[in-house]
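Trainee: Before I ask anything, let me first share the structure, which is written out below as structure tokens.
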Amino acid sequence: MKIKILYTHERVKHPVLSTVILKTGVPLNILEASISPSRGELVVDVPASGDQLKAVIEALKAEGVEVRELGPTIEVDEEKCVLCGACVSPCPTGAITLTMERLEIDEQLCIRCKACVIACPFKALSMASTSWEA
């Protein structure tokens, strides 16, 4: 599960992620980060589900940060996609599978690198917004 974490200026200097990792025992992988002295936004992959995922989210909130679960990472415009496969080989994690009928993206494997988006000659792929306001 991918989540977005918003740090307020009060929490930016605190070791929030390491505290949560030690408390829950769940390793967290930072996929995107934008940190300044006044705020921080992270997109983090949490390799957990069910009670473990709930424990991570609760621990993050207890550390004083806001948390939002993210939906699909890559959006496919079915009208533009011609199933050419140009997006498959650039994917470093093998998250994209091409069948005769459709393009499938494994959200658990996707690391948001945008290699597929850049490789698509038909501009059929785009990154889903992770904007806090969205």
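Just remember, in the structure tokens the first chain shown is A, the second B, etc., residues are 1-based per chain, and ligands are 1-based in the order shown.
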Could you make a table, as a tab-separated table, of the residues of range 61-86 of chain A that have an atom within 12 Å of an atom of range 21-42 of chain A, each with its nearest atom pair and distance in Å to one decimal, counting only C-alpha atoms, in chain and number order?

Mentor:
residue	atom	partner	partner_atom	distance
A:Ala62	CA	A:Lys23	CA	11.2
A:Glu63	CA	A:Lys23	CA	11.1
A:Val65	CA	A:Gly40	CA	9.6
A:Glu66	CA	A:Glu41	CA	9.6
A:Val67	CA	A:Leu42	CA	9.7
A:Arg68	CA	A:Leu42	CA	10.5
A:Glu69	CA	A:Leu42	CA	11.8
A:Leu70	CA	A:Leu42	CA	11.6
A:Thr73	CA	A:Leu31	CA	11.6

Trainee: Keeping only C-alpha atoms, take the residues you just selected and write them out as a short mmCIF file (atom, residue, chain, number, x, y, z; two decimals), in the first residue's frame.

Mentor:
data_model
loop_
_atom_site.label_atom_id
_atom_site.label_comp_id
_atom_site.auth_asym_id
_atom_site.auth_seq_id
_atom_site.Cartn_x
_atom_site.Cartn_y
_atom_site.Cartn_z
CA ALA A 62 0.50 9.39 16.84
CA GLU A 63 3.75 11.04 15.70
CA VAL A 65 1.70 13.72 10.84
CA GLU A 66 -1.25 13.50 8.45
CA VAL A 67 -1.67 10.32 6.42
CA ARG A 68 -3.58 9.56 3.23
CA GLU A 69 -3.85 6.19 1.49
CA LEU A 70 -3.14 6.51 -2.23
CA THR A 73 -0.29 5.00 -9.33
#

Trainee: Just list as an NGL selection string whatever in chain A DSSP marks as alpha helix (DSSP H).

Mentor: :A and (16-24 or 50-62 or 115-119)

Trainee: Any chance you can output those residues with N, CA and C atoms as a tab-separated table (two decimals), in the first residue's frame?

Mentor:
chain	number	residue	atom	x	y	z
A	16	VAL	N	10.38	10.82	12.52
A	16	VAL	CA	9.06	10.18	12.50
A	16	VAL	C	9.11	8.78	11.88
A	17	LEU	N	9.67	8.66	10.68
A	17	LEU	CA	9.68	7.35	10.01
A	17	LEU	C	10.46	6.31	10.78
A	18	SER	N	11.65	6.67	11.26
A	18	SER	CA	12.44	5.68	11.99
A	18	SER	C	11.74	5.27	13.28
A	19	THR	N	11.06	6.19	13.94
A	19	THR	CA	10.31	5.86	15.15
A	19	THR	C	9.20	4.87	14.82
A	20	VAL	N	8.48	5.10	13.73
A	20	VAL	CA	7.38	4.21	13.34
A	20	VAL	C	7.91	2.84	12.93
A	21	ILE	N	9.02	2.81	12.21
A	21	ILE	CA	9.62	1.53	11.81
A	21	ILE	C	10.00	0.73	13.05
A	22	LEU	N	10.65	1.37	14.01
A	22	LEU	CA	11.06	0.68	15.24
A	22	LEU	C	9.85	0.23	16.05
A	23	LYS	N	8.82	1.05	16.09
A	23	LYS	CA	7.63	0.74	16.88
A	23	LYS	C	6.82	-0.41	16.28
A	24	THR	N	6.69	-0.44	14.94
A	24	THR	CA	5.83	-1.43	14.29
A	24	THR	C	6.58	-2.62	13.73
A	50	GLY	N	-3.93	-5.16	6.30
A	50	GLY	CA	-4.72	-5.50	7.48
A	50	GLY	C	-4.28	-4.78	8.74
A	51	ASP	N	-4.13	-5.55	9.82
A	51	ASP	CA	-3.78	-4.98	11.12
A	51	ASP	C	-2.42	-4.32	11.12
A	52	GLN	N	-1.47	-4.88	10.36
A	52	GLN	CA	-0.13	-4.28	10.29
A	52	GLN	C	-0.18	-2.90	9.65
A	53	LEU	N	-0.91	-2.77	8.55
A	53	LEU	CA	-1.06	-1.49	7.88
A	53	LEU	C	-1.75	-0.49	8.80
A	54	LYS	N	-2.79	-0.94	9.47
A	54	LYS	CA	-3.51	-0.07	10.40
A	54	LYS	C	-2.58	0.40	11.52
A	55	ALA	N	-1.72	-0.48	12.02
A	55	ALA	CA	-0.78	-0.12	13.09
A	55	ALA	C	0.21	0.94	12.61
A	56	VAL	N	0.69	0.81	11.36
A	56	VAL	CA	1.62	1.79	10.80
A	56	VAL	C	0.94	3.15	10.69
A	57	ILE	N	-0.27	3.18	10.15
A	57	ILE	CA	-0.99	4.45	9.98
A	57	ILE	C	-1.28	5.09	11.34
A	58	GLU	N	-1.69	4.29	12.31
A	58	GLU	CA	-1.96	4.82	13.65
A	58	GLU	C	-0.68	5.36	14.29
A	59	ALA	N	0.44	4.65	14.10
A	59	ALA	CA	1.72	5.10	14.66
A	59	ALA	C	2.16	6.42	14.02
A	60	LEU	N	1.95	6.55	12.71
A	60	LEU	CA	2.29	7.80	12.04
A	60	LEU	C	1.45	8.95	12.58
A	61	LYS	N	0.17	8.72	12.72
A	61	LYS	CA	-0.71	9.77	13.25
A	61	LYS	C	-0.33	10.13	14.68
A	62	ALA	N	0.07	9.13	15.46
A	62	ALA	CA	0.50	9.39	16.84
A	62	ALA	C	1.77	10.25	16.88
A	115	ALA	N	9.10	5.77	-15.73
A	115	ALA	CA	9.74	5.27	-16.95
A	115	ALA	C	8.71	4.90	-18.00
A	116	CYS	N	7.61	4.31	-17.59
A	116	CYS	CA	6.56	3.91	-18.53
A	116	CYS	C	5.87	5.13	-19.15
A	117	VAL	N	5.65	6.14	-18.33
A	117	VAL	CA	4.99	7.36	-18.81
A	117	VAL	C	5.84	8.02	-19.87
A	118	ILE	N	7.14	8.10	-19.62
A	118	ILE	CA	8.08	8.72	-20.56
A	118	ILE	C	8.18	7.89	-21.84
A	119	ALA	N	8.15	6.56	-21.72
A	119	ALA	CA	8.33	5.69	-22.87
A	119	ALA	C	7.12	5.60	-23.79

Trainee: If you measure from CA of Ala86 in chain A to CA of Glu101 in chain A, what distance in Å do you get, rounded to one decimal?

Mentor: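 About the pair CA of Ala86 in chain A and CA of Glu101 in chain A: they are 15.5 Å apart.
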
Trainee: So that I can check the secondary structure, give me every residue of chain A assigned strand (DSSP E or B) by backbone DSSP, as an MDAnalysis selection string.

Mentor: chainID A and resid 2:7 29:35 40:45 66:69 74:76 96:98 103:105 125:127

Trainee: Could you check which of A:His9, A:Lys80, A:Lys4, A:Ile111 is closest to Gly94 in chain A, using only C-alpha atoms?

Mentor: A:Ile111

Trainee: Mind pulling up the distance from CA of Asp45 in chain A to CA of Ile3 in chain A?

Mentor: 6.5 Å

Trainee: Would you compute the distance between CA of Arg11 in chain A and CA of Gly64 in chain A? Give it in Å to one decimal.

Mentor: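 Pair CA of Arg11 in chain A / CA of Gly64 in chain A returns 6.9 Å.
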
Trainee: Could you tell me which of A:Met127, A:Ile5, A:Ile105, A:Cys113 comes closest to Val88 in chain A if we count only C-alpha atoms?

Mentor: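 So, comparing all the options, the nearest one is A:Ile105.
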
Trainee: Measuring between only C-alpha atoms, which one of A:Val44, A:Met1, A:Val82, A:Cys91 shows the shortest distance to Leu103 in chain A?

Mentor: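 That would be A:Val82, the residue with the smallest distance to Leu103 in chain A.
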
Trainee: I'd like the contact shell of Leu109 in chain A - 9 Å cut-off, only C-alpha atoms, skipping same-chain residues fewer than 6 positions apart - returned as a PyMOL selection string.

Mentor: chain A and resi 93-96

Trainee: Calculated over only C-alpha atoms, which of the candidates A:Ala124, A:Arg102, A:Lys114, A:Pro47 has the smallest distance to Cys81 in chain A?

Mentor: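 Going through A:Ala124, A:Arg102, A:Lys114, A:Pro47 one by one, the smallest distance to Cys81 in chain A is for A:Ala124.
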
Trainee: Name the closest residue to Ala48 in chain A among the candidates A:Lys2, A:Phe122, A:Glu104, A:Asp77; distances are taken between atoms, counting only C-alpha atoms.

Mentor: A:Lys2
